[in-house]
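As stored in my_file_26.tsv (TSV, C-alpha atoms):
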```tsv
chain	number	residue	atom	x	y	z
A	1	MET	CA	27.86	44.22	9.22
A	2	ALA	CA	30.13	44.90	12.16
A	3	THR	CA	33.45	46.56	11.34
A	4	ASN	CA	36.48	47.62	13.34
A	5	GLY	CA	35.78	51.25	12.53
A	6	MET	CA	39.16	51.69	10.90
A	7	ASN	CA	39.36	49.96	7.55
A	8	GLY	CA	35.91	48.47	7.01
A	9	ALA	CA	37.17	44.88	7.44
A	10	THR	CA	34.95	42.30	9.12
A	11	LYS	CA	35.71	42.05	12.82
A	12	PRO	CA	36.92	38.58	13.88
A	13	LYS	CA	34.47	36.64	16.01
A	14	TYR	CA	37.23	35.97	18.55
A	15	ASP	CA	40.60	37.57	19.30
A	16	PRO	CA	42.88	36.06	16.62
A	17	ASP	CA	46.02	36.58	18.73
A	18	PHE	CA	44.77	35.11	22.01
A	19	THR	CA	45.94	31.50	21.54
A	20	ASP	CA	49.38	32.53	20.27
A	21	ASN	CA	49.80	34.83	23.29
A	22	VAL	CA	48.99	31.97	25.67
A	23	ILE	CA	51.51	29.68	23.96
A	24	LYS	CA	54.20	32.40	23.91
A	25	ALA	CA	53.85	32.75	27.69
A	26	THR	CA	55.87	29.52	28.08
A	27	GLY	CA	59.30	30.42	29.42
A	28	PRO	CA	62.69	29.57	27.90
A	29	LYS	CA	63.59	27.11	30.66
A	30	ALA	CA	60.58	24.86	30.06
A	31	ASN	CA	61.40	21.28	29.11
A	32	PRO	CA	61.39	21.21	25.26
A	33	ARG	CA	59.06	18.21	25.05
A	34	VAL	CA	56.67	19.76	27.58
A	35	ALA	CA	56.69	23.01	25.61
A	36	THR	CA	55.95	21.16	22.36
A	37	VAL	CA	53.15	19.02	23.80
A	38	MET	CA	51.51	21.86	25.71
A	39	ALA	CA	51.65	24.24	22.75
A	40	SER	CA	49.81	21.71	20.62
A	41	LEU	CA	47.34	20.92	23.41
A	42	ILE	CA	46.58	24.60	23.99
A	43	ARG	CA	46.08	25.25	20.29
A	44	HIS	CA	43.79	22.22	19.82
A	45	ILE	CA	41.74	22.83	22.94
A	46	HIS	CA	41.29	26.52	22.10
A	47	ASP	CA	40.25	25.60	18.55
A	48	PHE	CA	37.80	23.05	19.97
A	49	ALA	CA	36.23	25.65	22.28
A	50	ARG	CA	35.82	28.12	19.41
A	51	GLU	CA	34.53	25.44	17.02
A	52	VAL	CA	31.67	24.37	19.29
A	53	ASP	CA	31.11	27.81	20.87
A	54	LEU	CA	31.72	26.29	24.30
A	55	THR	CA	29.76	28.04	27.03
A	56	VAL	CA	30.88	28.68	30.61
A	57	GLU	CA	28.22	26.27	31.85
A	58	GLU	CA	29.44	23.50	29.53
A	59	TRP	CA	33.07	24.17	30.45
A	60	MET	CA	32.21	23.89	34.15
A	61	MET	CA	30.46	20.57	33.50
A	62	GLY	CA	33.73	19.31	32.06
A	63	VAL	CA	35.77	20.73	34.94
A	64	ASN	CA	33.46	19.09	37.47
A	65	MET	CA	33.70	15.77	35.64
A	66	ILE	CA	37.50	15.91	35.78
A	67	ASN	CA	37.38	16.87	39.47
A	68	ARG	CA	35.06	14.01	40.35
A	69	ALA	CA	37.17	11.53	38.40
A	70	GLY	CA	40.17	12.55	40.48
A	71	GLN	CA	38.22	12.39	43.72
A	72	MET	CA	37.04	8.85	42.94
A	73	SER	CA	40.50	7.58	42.01
A	74	ASN	CA	42.84	5.75	44.37
A	75	ASP	CA	45.40	2.95	44.24
A	76	ARG	CA	42.63	0.46	43.44
A	77	ARG	CA	40.61	2.36	40.85
A	78	ASN	CA	41.57	4.98	38.26
A	79	GLU	CA	38.42	6.81	37.18
A	80	GLY	CA	40.36	9.39	35.17
A	81	GLN	CA	41.85	6.59	33.12
A	82	LEU	CA	38.39	5.08	32.64
A	83	VAL	CA	37.10	8.39	31.25
A	84	CYS	CA	39.98	8.29	28.75
A	85	ASP	CA	39.07	4.70	27.93
A	86	VAL	CA	35.45	5.35	27.00
A	87	ILE	CA	36.43	8.12	24.56
A	88	GLY	CA	39.07	5.88	22.98
A	89	LEU	CA	42.04	7.99	24.04
A	90	GLU	CA	43.99	5.28	25.86
A	91	THR	CA	43.59	2.86	22.94
A	92	LEU	CA	44.83	5.54	20.53
A	93	VAL	CA	47.84	6.39	22.72
A	94	ASP	CA	48.55	2.67	23.07
A	95	GLU	CA	48.60	2.32	19.28
A	96	ILE	CA	50.89	5.33	18.86
A	97	THR	CA	53.31	4.26	21.59
A	98	ASN	CA	53.58	0.62	20.65
A	99	LYS	CA	54.53	1.10	17.04
A	100	LEU	CA	57.98	0.86	18.64
A	101	LEU	CA	57.37	-2.87	19.24
A	102	ILE	CA	57.46	-3.61	15.52
A	103	GLY	CA	60.86	-4.13	13.89
A	104	ALA	CA	62.00	-4.71	10.34
A	105	ASP	CA	61.80	-8.49	10.73
A	106	TYR	CA	59.61	-9.09	13.79
A	107	GLU	CA	56.46	-8.07	15.59
A	108	ALA	CA	55.77	-8.39	19.29
A	109	THR	CA	52.42	-9.51	20.66
A	110	LYS	CA	49.75	-6.89	20.06
A	111	THR	CA	49.15	-4.48	22.89
A	112	ALA	CA	45.94	-3.30	24.53
A	113	ILE	CA	45.05	-0.80	27.23
A	114	LEU	CA	45.94	-1.23	30.89
A	115	GLY	CA	42.48	-0.47	32.24
A	116	PRO	CA	41.70	1.06	35.65
A	117	PHE	CA	42.01	-1.98	37.95
A	118	PHE	CA	45.68	-3.04	37.79
A	119	ARG	CA	47.46	-3.42	41.13
A	120	HIS	CA	51.22	-3.04	41.53
A	121	ASP	CA	51.35	-5.00	44.78
A	122	THR	CA	50.19	-8.46	43.71
A	123	PRO	CA	52.29	-11.06	45.60
A	124	PRO	CA	54.44	-13.53	43.64
A	125	THR	CA	52.67	-16.59	42.28
A	126	LYS	CA	54.36	-19.93	41.57
A	127	ASN	CA	53.87	-21.44	38.16
A	128	ASP	CA	50.91	-23.84	37.90
A	129	GLU	CA	49.22	-22.41	41.00
A	130	SER	CA	45.61	-21.25	41.02
A	131	ILE	CA	44.90	-17.55	41.27
A	132	ILE	CA	41.30	-18.33	42.27
A	133	LYS	CA	41.02	-17.41	45.94
A	134	THR	CA	37.21	-17.03	45.93
A	135	MET	CA	35.59	-19.58	43.67
A	136	PRO	CA	32.23	-18.47	42.21
A	137	PRO	CA	29.58	-21.17	41.80
A	138	ASP	CA	29.35	-20.57	38.05
A	139	GLY	CA	33.08	-20.34	37.38
A	140	GLU	CA	34.79	-22.42	34.68
A	141	VAL	CA	38.34	-23.19	35.78
A	142	THR	CA	40.88	-22.75	33.00
A	143	TYR	CA	44.46	-23.97	32.76
A	144	MET	CA	46.16	-21.01	31.06
A	145	HIS	CA	49.76	-21.43	29.97
A	146	GLY	CA	52.27	-20.48	27.32
A	147	ILE	CA	55.83	-19.68	26.36
A	148	VAL	CA	57.29	-16.17	26.38
A	149	ARG	CA	59.70	-15.68	23.47
A	150	ASP	CA	61.97	-13.05	21.99
A	151	ALA	CA	59.97	-11.57	19.13
A	152	ALA	CA	63.01	-11.30	16.87
A	153	THR	CA	64.78	-14.62	17.54
A	154	GLY	CA	61.99	-16.85	18.79
A	155	GLU	CA	64.13	-17.95	21.73
A	156	PRO	CA	62.30	-18.70	25.01
A	157	LEU	CA	62.91	-16.12	27.73
A	158	GLU	CA	63.66	-16.95	31.34
A	159	GLY	CA	62.92	-14.55	34.18
A	160	ILE	CA	60.10	-12.60	32.53
A	161	LYS	CA	57.56	-11.23	35.00
A	162	VAL	CA	53.99	-11.99	33.89
A	163	ASP	CA	51.16	-10.16	35.66
A	164	ILE	CA	47.67	-11.53	35.01
A	165	TRP	CA	44.36	-10.26	36.37
A	166	GLN	CA	40.66	-10.61	35.63
A	167	CYS	CA	37.22	-9.98	37.10
A	168	SER	CA	35.07	-12.68	38.67
A	169	THR	CA	31.90	-14.03	37.09
A	170	ASN	CA	29.83	-11.25	38.71
A	171	GLY	CA	31.74	-8.73	36.59
A	172	LEU	CA	33.65	-7.26	39.54
A	173	TYR	CA	37.36	-7.10	40.24
A	174	GLU	CA	38.40	-8.04	43.76
A	175	GLN	CA	38.89	-4.44	44.90
A	176	GLN	CA	35.30	-3.68	43.88
A	177	ASP	CA	33.78	-6.62	45.74
A	178	PRO	CA	34.03	-7.13	49.54
A	179	ASP	CA	32.99	-10.77	49.11
A	180	GLN	CA	36.15	-11.60	47.16
A	181	ALA	CA	39.44	-12.34	48.92
A	182	GLU	CA	42.19	-9.79	48.42
A	183	PHE	CA	44.20	-10.46	45.26
A	184	ASN	CA	41.55	-12.86	44.01
A	185	LEU	CA	42.13	-13.61	40.31
A	186	ARG	CA	45.51	-11.89	40.24
A	187	GLY	CA	48.79	-13.58	39.47
A	188	ASN	CA	52.40	-12.41	39.45
A	189	LEU	CA	54.41	-15.15	37.77
A	190	THR	CA	57.98	-15.52	36.50
A	191	THR	CA	58.90	-17.63	33.47
A	192	ASP	CA	61.20	-20.62	33.98
A	193	LYS	CA	64.29	-21.55	31.95
A	194	ASP	CA	62.07	-22.73	29.10
A	195	GLY	CA	60.10	-19.47	29.00
A	196	TYR	CA	57.09	-21.23	30.49
A	197	TYR	CA	54.36	-19.64	32.58
A	198	GLY	CA	51.18	-21.36	33.73
A	199	LEU	CA	48.30	-20.86	36.14
A	200	TYR	CA	44.70	-21.74	36.86
A	201	CYS	CA	42.17	-18.94	36.36
A	202	LEU	CA	38.55	-18.54	35.27
A	203	ARG	CA	37.05	-18.31	31.84
A	204	PRO	CA	36.34	-14.58	31.65
A	205	VAL	CA	32.89	-13.05	31.30
A	206	PRO	CA	31.61	-9.80	29.75
A	207	TYR	CA	30.92	-7.02	32.23
A	208	PRO	CA	29.95	-3.34	32.32
A	209	VAL	CA	32.55	-0.73	33.18
A	210	PRO	CA	31.66	1.09	36.43
A	211	PHE	CA	28.58	3.25	35.89
A	212	ASP	CA	28.74	5.15	39.19
A	213	GLY	CA	31.14	7.89	38.13
A	214	PRO	CA	31.95	10.36	35.35
A	215	ALA	CA	32.83	7.64	32.81
A	216	GLY	CA	29.41	6.05	33.25
A	217	GLU	CA	27.68	9.41	33.04
A	218	LEU	CA	29.53	10.17	29.83
A	219	LEU	CA	28.40	6.86	28.31
A	220	GLN	CA	24.80	7.67	29.23
A	221	LEU	CA	25.06	11.15	27.71
A	222	LEU	CA	26.33	9.57	24.48
A	223	ASP	CA	23.62	6.85	24.48
A	224	ARG	CA	26.24	4.09	24.59
A	225	HIS	CA	26.29	0.76	26.41
A	226	PRO	CA	28.97	0.15	29.09
A	227	TYR	CA	29.90	-3.46	28.32
A	228	ARG	CA	33.29	-4.97	27.72
A	229	PRO	CA	33.81	-8.38	26.08
A	230	ALA	CA	35.17	-11.24	28.21
A	231	HIS	CA	38.90	-10.72	28.64
A	232	ILE	CA	42.01	-11.37	30.72
A	233	HIS	CA	44.67	-8.71	31.36
A	234	ILE	CA	48.40	-9.39	30.92
A	235	ILE	CA	51.59	-7.42	31.50
A	236	ALA	CA	54.88	-9.14	30.62
A	237	GLY	CA	58.45	-7.88	30.60
A	238	ASN	CA	61.66	-7.27	32.56
A	239	GLU	CA	64.68	-4.99	32.51
A	240	LYS	CA	65.77	-6.29	29.09
A	241	TYR	CA	62.41	-6.50	27.34
A	242	THR	CA	59.90	-3.72	26.80
A	243	PRO	CA	56.95	-4.35	29.13
A	244	LEU	CA	53.98	-5.50	27.11
A	245	THR	CA	50.50	-4.53	28.30
A	246	THR	CA	47.68	-6.39	26.62
A	247	GLN	CA	44.34	-8.15	26.94
A	248	ILE	CA	43.11	-11.40	25.43
A	249	PHE	CA	39.45	-11.88	24.46
A	250	ASP	CA	37.25	-14.98	24.44
A	251	LYS	CA	36.23	-15.55	20.81
A	252	THR	CA	32.70	-16.60	21.89
A	253	SER	CA	32.04	-13.41	23.87
A	254	LYS	CA	29.48	-10.73	23.13
A	255	TYR	CA	30.70	-7.15	22.53
A	256	LEU	CA	33.80	-8.07	20.51
A	257	VAL	CA	32.69	-5.67	17.80
A	258	ASP	CA	31.41	-2.90	20.08
A	259	ASP	CA	33.68	-2.92	23.11
A	260	SER	CA	32.87	0.15	25.21
A	261	VAL	CA	36.58	1.08	25.39
A	262	PHE	CA	37.55	0.09	21.81
A	263	ALA	CA	40.36	-2.28	22.87
A	264	VAL	CA	39.67	-5.45	20.85
A	265	LYS	CA	42.17	-6.46	18.15
A	266	ASP	CA	41.78	-9.54	15.97
A	267	ASP	CA	45.18	-10.94	17.02
A	268	LEU	CA	44.10	-10.88	20.68
A	269	VAL	CA	40.99	-13.05	20.26
A	270	VAL	CA	41.60	-16.53	21.70
A	271	ASP	CA	39.93	-19.93	21.95
A	272	PHE	CA	39.16	-21.64	25.26
A	273	LYS	CA	39.13	-25.41	24.60
A	274	PRO	CA	37.95	-28.38	26.68
A	275	ILE	CA	40.73	-30.20	28.51
A	276	GLU	CA	40.90	-33.86	29.45
A	277	GLY	CA	42.98	-35.60	32.08
A	278	ASN	CA	43.43	-32.53	34.27
A	279	PRO	CA	41.40	-32.76	37.49
A	280	LYS	CA	41.96	-29.06	38.26
A	281	ALA	CA	40.36	-27.57	35.15
A	282	THR	CA	37.68	-28.10	32.51
A	283	LEU	CA	39.15	-25.70	29.96
A	284	GLU	CA	42.58	-24.93	28.53
A	285	LEU	CA	43.99	-21.76	27.02
A	286	THR	CA	47.41	-21.79	25.39
A	287	TYR	CA	48.76	-18.30	24.89
A	288	ASP	CA	52.34	-17.59	23.85
A	289	ILE	CA	53.77	-14.09	24.20
A	290	ARG	CA	56.35	-12.37	21.99
A	291	LEU	CA	58.40	-9.56	23.53
A	292	ALA	CA	60.59	-6.93	21.89
A	293	ALA	CA	64.01	-6.32	23.37
A	294	ILE	CA	64.55	-2.82	24.74
A	295	LYS	CA	66.28	-0.77	22.06
A	296	LYS	CA	69.62	0.69	23.05
A	297	ASP	CA	70.43	4.27	22.14
```

As structure tokens - that is how I would like this structure written.
Amino acid sequence: MATNGMNGATKPKYDPDFTDNVIKATGPKANPRVATVMASLIRHIHDFAREVDLTVEEWMMGVNMINRAGQMSNDRRNEGQLVCDVIGLETLVDEITNKLLIGADYEATKTAILGPFFRHDTPPTKNDESIIKTMPPDGEVTYMHGIVRDAATGEPLEGIKVDIWQCSTNGLYEQQDPDQAEFNLRGNLTTDKDGYYGLYCLRPVPYPVPFDGPAGELLQLLDRHPYRPAHIHIIAGNEKYTPLTTQIFDKTSKYLVDDSVFAVKDDLVVDFKPIEGNPKATLELTYDIRLAAIKKD
């Protein structure tokens, strides 16, 4: 048995002081929250490396994956975020963060992850307009509408910005597909005095997350499928109400129980129903949104 040659004790497999020395290197002027978060991250990631006996080759594979995710990312696609999605990290952080949206006597609409294809520059959309700029031959037009309310009082909210986006029936978002018009299937609405928002969109379809980058490679290494259930993305909020990021899922879709990014919640599963008397749509989706007021310090 190996000993330290001094007292006969078993020699540690790794330097027991190394991680503490790295954490202690943080200077006194570091932001306290940064110091707290980084100390925990360093300790956990060092423990992980020791636990699995991480090799230099394996570490470099991880470094290269991170590098390639950054190189693939731009203002239209966030591959680093997608990597976080497929390991469940964004959904976990979403759950941790949005516990703040639950009060003693109210609960806001459930949240879900942002995903990698949100655009900040979607032009304003008038209520009851169509966001379908490139109509696919197999698309089912849906009249989607609802009321945005204060989660605590139930009062309708005027002036709430509602961003909505979805992929087309080929499973691609407009920035992935040169055959789709720019801003296809993206809306940027504002609620009226009655809290109403409304638009014409498509019934969503299941689709695979992009398989051409590190996130797809990771799924293949883990022997997992890449598919997401049919869903529509929503962000709603303004300067007085905490922005709500969520997704709503077609209750008839495949992959509700094995979403590749773990985002489905029972409260977010919705029903697309046939509509009569509306020449613009064959389906209707009513979806009300409850927002939590921003808490004042």

Quick one: residues within 10 Å of Glu79 of chain A, all atoms listed in the file, excluding same-chain residues fewer than 5 positions away - as a list in words?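 My list of contacting residues is Ile66, Arg68, Ala69, Gly70, Gln71, Met72, Ser73, Asn74, Cys84, Asp85, Gly115, Pro116, Phe117, Pro210, Gly213, Pro214, Ala215 and Gly216 of chain A.
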
Would you mind exporting C-alpha atoms of the selected residues as an mmCIF file, in the coordinates of the input?
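Contents of result-v3.cif, as written:
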```
data_model
loop_
_atom_site.group_PDB
_atom_site.id
_atom_site.type_symbol
_atom_site.label_atom_id
_atom_site.label_comp_id
_atom_site.auth_asym_id
_atom_site.auth_seq_id
_atom_site.Cartn_x
_atom_site.Cartn_y
_atom_site.Cartn_z
ATOM 1 C CA ILE A 66 37.500 15.910 35.780
ATOM 2 C CA ARG A 68 35.060 14.010 40.350
ATOM 3 C CA ALA A 69 37.170 11.530 38.400
ATOM 4 C CA GLY A 70 40.170 12.550 40.480
ATOM 5 C CA GLN A 71 38.220 12.390 43.720
ATOM 6 C CA MET A 72 37.040 8.850 42.940
ATOM 7 C CA SER A 73 40.500 7.580 42.010
ATOM 8 C CA ASN A 74 42.840 5.750 44.370
ATOM 9 C CA CYS A 84 39.980 8.290 28.750
ATOM 10 C CA ASP A 85 39.070 4.700 27.930
ATOM 11 C CA GLY A 115 42.480 -0.470 32.240
ATOM 12 C CA PRO A 116 41.700 1.060 35.650
ATOM 13 C CA PHE A 117 42.010 -1.980 37.950
ATOM 14 C CA PRO A 210 31.660 1.090 36.430
ATOM 15 C CA GLY A 213 31.140 7.890 38.130
ATOM 16 C CA PRO A 214 31.950 10.360 35.350
ATOM 17 C CA ALA A 215 32.830 7.640 32.810
ATOM 18 C CA GLY A 216 29.410 6.050 33.250
#
```

Around (52.0, 27.0, 22.6) in the file's frame, which residues reach within 10 Å when counting all atoms listed in the file? Return as an MDAnalysis selection string? chainID A and resid 19:26 34:44

Within 10 Å of Ile234 of chain A using all atoms listed in the file, minus same-chain residues under 4 positions, as a PyMOL selection string: chain A and resi 111-114+118+162-166+187-188+244-248+289

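Nearest-residue note for Arg149 of chain A: choosing from A:Ile96, A:Val83, A:Leu291, A:Val264, the minimum distance belongs to A:Leu291, counting all atoms listed in the file.
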
Excluding Ile147 of chain A and its own-chain neighbours fewer than 4 positions away, which residues fall within 9 Å of it when counting all atoms listed in the file? Please give them as a list in words.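 These residues fall inside the cut-off: Pro156, Leu157, Thr191, Asp194, Gly195, Tyr196, Tyr197, Gly198, Thr286, Tyr287, Asp288, Ile289 and Arg290 of chain A.
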
List the residues sitting within 9 Å of (35.5, -14.5, 20.4) in the file's frame, using only C-alpha atoms, as a VMD selection string. chain A and resid 229 to 230 249 to 254 256 269 to 271

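The interatomic distance for the pair atom CA of Ala263 of chain A and atom CA of Thr91 of chain A works out to 6.1 Å.
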
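Each of A:Ala236, A:Val86, A:Leu199, A:Val209 was checked against Glu158 of chain A using all atoms listed in the file; the smallest atom-to-atom distance is that of A:Ala236.
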
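The two atoms in question, atom CA of Gly139 of chain A and atom CA of Pro206 of chain A, are spaced 13.1 Å apart.
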
Please identify all polymer residues within 12 Å of Phe183 of chain A, counting all atoms listed in the file, omitting same-chain residues fewer than 4 positions from it, and present them as an MDAnalysis selection string. chainID A and resid 76 117:125 130:134 163:168 173:179 187:188

Store the residues picked out above in a file with C-alpha atoms, as an mmCIF file, keeping the file's coordinate frame.
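Final file, again-v9.cif:
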```
data_model
loop_
_atom_site.group_PDB
_atom_site.id
_atom_site.type_symbol
_atom_site.label_atom_id
_atom_site.label_comp_id
_atom_site.auth_asym_id
_atom_site.auth_seq_id
_atom_site.Cartn_x
_atom_site.Cartn_y
_atom_site.Cartn_z
ATOM 1 C CA ARG A 76 42.630 0.460 43.440
ATOM 2 C CA PHE A 117 42.010 -1.980 37.950
ATOM 3 C CA PHE A 118 45.680 -3.040 37.790
ATOM 4 C CA ARG A 119 47.460 -3.420 41.130
ATOM 5 C CA HIS A 120 51.220 -3.040 41.530
ATOM 6 C CA ASP A 121 51.350 -5.000 44.780
ATOM 7 C CA THR A 122 50.190 -8.460 43.710
ATOM 8 C CA PRO A 123 52.290 -11.060 45.600
ATOM 9 C CA PRO A 124 54.440 -13.530 43.640
ATOM 10 C CA THR A 125 52.670 -16.590 42.280
ATOM 11 C CA SER A 130 45.610 -21.250 41.020
ATOM 12 C CA ILE A 131 44.900 -17.550 41.270
ATOM 13 C CA ILE A 132 41.300 -18.330 42.270
ATOM 14 C CA LYS A 133 41.020 -17.410 45.940
ATOM 15 C CA THR A 134 37.210 -17.030 45.930
ATOM 16 C CA ASP A 163 51.160 -10.160 35.660
ATOM 17 C CA ILE A 164 47.670 -11.530 35.010
ATOM 18 C CA TRP A 165 44.360 -10.260 36.370
ATOM 19 C CA GLN A 166 40.660 -10.610 35.630
ATOM 20 C CA CYS A 167 37.220 -9.980 37.100
ATOM 21 C CA SER A 168 35.070 -12.680 38.670
ATOM 22 C CA TYR A 173 37.360 -7.100 40.240
ATOM 23 C CA GLU A 174 38.400 -8.040 43.760
ATOM 24 C CA GLN A 175 38.890 -4.440 44.900
ATOM 25 C CA GLN A 176 35.300 -3.680 43.880
ATOM 26 C CA ASP A 177 33.780 -6.620 45.740
ATOM 27 C CA PRO A 178 34.030 -7.130 49.540
ATOM 28 C CA ASP A 179 32.990 -10.770 49.110
ATOM 29 C CA GLY A 187 48.790 -13.580 39.470
ATOM 30 C CA ASN A 188 52.400 -12.410 39.450
#
```

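The interatomic distance for the pair atom CA of Arg224 of chain A and atom CA of Asp267 of chain A works out to 25.3 Å.
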
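Here the question is which of A:Leu82, A:Glu217, A:Lys265, A:Gly27 gets nearest to Gly62 of chain A using only C-alpha atoms, and that residue is A:Glu217.
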
From the options A:Ile87, A:Leu185, A:Leu285, A:Leu218, which residue's atoms come nearest to Met65 of chain A, counting all atoms listed in the file? A:Leu218
